[in-house]
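Chemist: I'd like to ask some things about the structure below.
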Amino acid sequence: MIRIGVDIMGGDYAPLETTLGAIEAFKELPADNRLVLIGDSEKIKAILQANGVAESSFDIVHASENVEMDDSATKVFSQKPQSGMAIGFGLLKQKKIDVFASAGHSGAMLVGSMFSVKPVSGILRPAISTILPKEDGTYGILLDVGANADCKPEVLQQFGILGSLLAEHVYQISKPRVALMNIGEEEEKGNMLSQQAHQLLKVTKEINFTGNVEGRDLFNAKADVIVCDGFTGNVMLKEAESFYTLIKKRGIKDEYFDRFDYENYGGTPVLGVNGNVIMAHGISKAKAIKNMILLSKRVTEANLSEKIATAFHSNVVNQTL
């Protein structure tokens, strides 16, 4: 049985939209999956009752405090130990749930990942990724997209391994092609970080490194996994989101651009920690929450965190880092 913990109080539209998303996910999950709703129990029960859903369909864990967006990410767990986020990470650490998912404070989610379940031994910096809709109908992965604004070459090398494992085991991309985001395709192009990272990536046996790509290649079929520092990745992610918003505002209907809707993907796993942690956009409504939960199931079934730990504990990987 997979036990999926959901921070019902996390996100701009909590607890209504998060609870509605959990209800929708419940309808699609196998019978041997169990949703653990963490939040204000009275509010959760009222929403379930209003929608004709039995409380017994879920496990409900009461949380008396809320994490607000202006709370300090580094202090929230000590200042609000009864928040849904703090309780969720506690349950994950105690292995009372198999995965913890939230659309709440992203900084606090990263802090919780780092100091509760902790990074996998050998991981320099955990990363977060995003899905890239490709023009040929497939999908790619970009990482990091905000967890690490400043990176060393060795960190980008590890991102290549993390992204490759995510692509292979969660998105079923066979032998994913890993590329480095740069200002030119030539090996010697870029700043010192890019040049040094390229040298490390090309000798990393655990990945199928295909060289540099440029910004114009973000949505074509040149690579399955694109590696960059979190500053660059976040700028590109926000650019793509704003372009999608412009398309919608102008009333343009296009099947390809519809695939940019973040609600279709639900969230992203925190890669490189000793547990399954899923983060979603703060503005997530019911559809996105449902897909966050379904992604939580896939990540858990793929044993992604265990596969990452195995890879980074192996002598072969350690020799290349």
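By order in the structure tokens, chains are A, B, ...; within a chain, residues start at 1; ligands start at 1, following the order shown.
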Neighbours of Lys93 in chain A within 10 Å (only C-alpha atoms; same-chain residues fewer than 2 positions away dropped), as a list in words?
Modeler: Ile87, Gly88, Phe89, Gly90, Leu91, Lys95, Lys96, Ile97, Asp98, Val99, Phe100, Ser113, Ser116, Val117, Lys118, Asn274 and Gly275 of chain A
Chemist: Apply DSSP to the backbone of this structure and, from range 9-173 of chain A, keep only the residues in alpha helix (DSSP H); write these as a ChimeraX atom specification.
Modeler: /A:16-28,41-50,76-79,84-93,106-112,153-169
Chemist: Write out, as a compact mmCIF listing (two decimals), in the first residue's frame, the residues just selected, with C-alpha atoms.
Modeler:
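File written: part.txt
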# COMPACT_ATOMS: atom_id res chain seq x y z
CA LEU A 16 -10.85 24.14 -0.51
CA GLU A 17 -8.96 23.45 -3.74
CA THR A 18 -6.46 21.11 -2.10
CA THR A 19 -9.25 19.03 -0.60
CA LEU A 20 -11.17 19.01 -3.90
CA GLY A 21 -7.98 17.89 -5.65
CA ALA A 22 -7.57 15.08 -3.13
CA ILE A 23 -11.16 13.99 -3.80
CA GLU A 24 -10.50 13.87 -7.55
CA ALA A 25 -7.24 11.95 -7.03
CA PHE A 26 -9.02 9.47 -4.75
CA LYS A 27 -11.34 8.58 -7.63
CA GLU A 28 -8.38 7.66 -9.84
CA SER A 41 -9.49 18.60 10.38
CA GLU A 42 -12.77 20.48 10.86
CA LYS A 43 -12.36 22.38 7.60
CA ILE A 44 -11.36 19.22 5.75
CA LYS A 45 -14.35 17.28 7.06
CA ALA A 46 -16.71 20.14 6.17
CA ILE A 47 -15.49 20.18 2.56
CA LEU A 48 -15.75 16.39 2.30
CA GLN A 49 -19.29 16.50 3.69
CA ALA A 50 -20.32 19.32 1.33
CA VAL A 76 9.10 27.80 10.21
CA PHE A 77 9.67 24.27 11.53
CA SER A 78 10.78 25.49 14.94
CA GLN A 79 8.20 28.29 15.11
CA GLY A 84 0.78 20.65 8.16
CA MET A 85 4.21 20.94 6.59
CA ALA A 86 6.09 20.14 9.80
CA ILE A 87 3.77 17.25 10.60
CA GLY A 88 4.02 15.94 7.05
CA PHE A 89 7.80 15.84 7.10
CA GLY A 90 7.65 14.19 10.52
CA LEU A 91 5.39 11.45 9.20
CA LEU A 92 7.67 10.96 6.19
CA LYS A 93 10.76 10.72 8.37
CA SER A 106 8.56 26.24 -1.61
CA GLY A 107 11.50 27.50 0.43
CA ALA A 108 10.20 25.73 3.52
CA MET A 109 9.66 22.55 1.49
CA LEU A 110 13.32 22.61 0.46
CA VAL A 111 14.45 23.30 4.03
CA GLY A 112 12.28 20.44 5.27
CA PRO A 153 30.76 22.29 -11.83
CA GLU A 154 30.48 19.17 -9.68
CA VAL A 155 26.91 20.12 -8.78
CA LEU A 156 25.91 20.40 -12.45
CA GLN A 157 27.48 17.01 -13.04
CA GLN A 158 25.28 15.55 -10.32
CA PHE A 159 22.24 17.27 -11.82
CA GLY A 160 22.94 15.33 -15.01
CA ILE A 161 22.77 12.06 -13.08
CA LEU A 162 19.67 13.08 -11.12
CA GLY A 163 17.84 14.24 -14.23
CA SER A 164 18.75 11.08 -16.10
CA LEU A 165 17.39 8.87 -13.31
CA LEU A 166 14.17 10.90 -13.16
CA ALA A 167 13.71 10.71 -16.93
CA GLU A 168 14.32 6.99 -17.06
CA HIS A 169 12.39 5.73 -14.05
Chemist: From the list A:Glu187, A:Glu68, A:Asp229, A:Asp7, which residue is nearest Val213 in chain A when using only C-alpha atoms?
Modeler: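 Smallest distance to Val213 in chain A is found for A:Glu187.
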Chemist: I need the residue nearest His313 in chain A from this list: A:Leu142, A:Val225, A:Ile123, A:Leu294. Use only C-alpha atoms for the distance.
Modeler: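 For His313 in chain A, the nearest of the candidates is A:Ile123.
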Chemist: From a backbone DSSP assignment, name each residue in range 130-170 of chain A labelled strand (DSSP E or B), as a PyMOL selection string.
Modeler: chain A and resi 130-133+139-143
Chemist: Nearest to Ile2 in chain A among A:Val36, A:Ala14, A:Met114, A:Ala54, with distances taken over only C-alpha atoms: which residue is it?
Modeler: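 Closest residue, counting only C-alpha atoms: A:Val36.
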Chemist: Write out as a ChimeraX atom specification the residues lying within 8 Å of Asn66 in chain A, counting only C-alpha atoms and excluding same-chain residues fewer than 5 positions away.
Modeler: /A:9-10,80,83-84
Chemist: Could the residues in this selection be saved with all heavy atoms as a compact mmCIF listing (two decimals), in the first residue's frame?
Modeler:
# COMPACT_ATOMS: atom_id res chain seq x y z
N MET A 9 -3.29 22.42 3.81
CA MET A 9 -3.28 23.85 4.08
C MET A 9 -2.24 24.59 3.23
O MET A 9 -2.10 25.81 3.35
CB MET A 9 -3.01 24.12 5.56
CG MET A 9 -3.93 23.36 6.50
SD MET A 9 -5.69 23.50 6.11
CE MET A 9 -5.97 25.23 6.53
N GLY A 10 -1.53 23.89 2.37
CA GLY A 10 -0.49 24.51 1.55
C GLY A 10 -1.02 25.02 0.23
O GLY A 10 -1.72 24.31 -0.50
N LYS A 80 6.60 26.83 13.99
CA LYS A 80 5.27 26.27 13.75
C LYS A 80 5.35 24.74 13.64
O LYS A 80 5.10 24.16 12.57
CB LYS A 80 4.65 26.87 12.49
CG LYS A 80 4.36 28.37 12.63
CD LYS A 80 3.65 28.92 11.39
CE LYS A 80 3.24 30.37 11.60
NZ LYS A 80 2.54 30.94 10.43
N SER A 83 2.29 22.80 12.22
CA SER A 83 1.81 23.08 10.86
C SER A 83 1.72 21.79 10.06
O SER A 83 2.39 20.79 10.37
CB SER A 83 2.75 24.06 10.17
OG SER A 83 4.03 23.48 9.99
N GLY A 84 0.91 21.82 9.02
CA GLY A 84 0.78 20.65 8.16
C GLY A 84 2.10 20.24 7.54
O GLY A 84 2.39 19.06 7.37
Chemist: Could the residues of range 110-171 of chain A that have an atom at most 7 Å from range 214-223 of chain A be listed as JSON lines, each with its closest atom pair and the distance in Å to one decimal, counting only C-alpha atoms and ordered by chain and ascending residue number?
Modeler:
{"residue": "A:Leu132", "atom": "CA", "partner": "A:Phe219", "partner_atom": "CA", "distance": 6.4}
{"residue": "A:Pro133", "atom": "CA", "partner": "A:Phe219", "partner_atom": "CA", "distance": 6.3}
{"residue": "A:Lys134", "atom": "CA", "partner": "A:Phe219", "partner_atom": "CA", "distance": 4.6}
{"residue": "A:Glu135", "atom": "CA", "partner": "A:Asn220", "partner_atom": "CA", "distance": 5.6}
{"residue": "A:Asp136", "atom": "CA", "partner": "A:Ala221", "partner_atom": "CA", "distance": 7.0}
Chemist: Quick check, in Å to one decimal: how far apart do CA of Ala73 in chain A and CA of Asp144 in chain A lie?
Modeler: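 Computed distance, CA of Ala73 in chain A to CA of Asp144 in chain A, equals 19.2 Å.
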Chemist: Could you list, as number ranges by chain, every residue within 9 Å of Phe209 in chain A, counting only C-alpha atoms and ignoring same-chain residues fewer than 5 positions away?
Modeler: A: 160, 176-180, 201-204
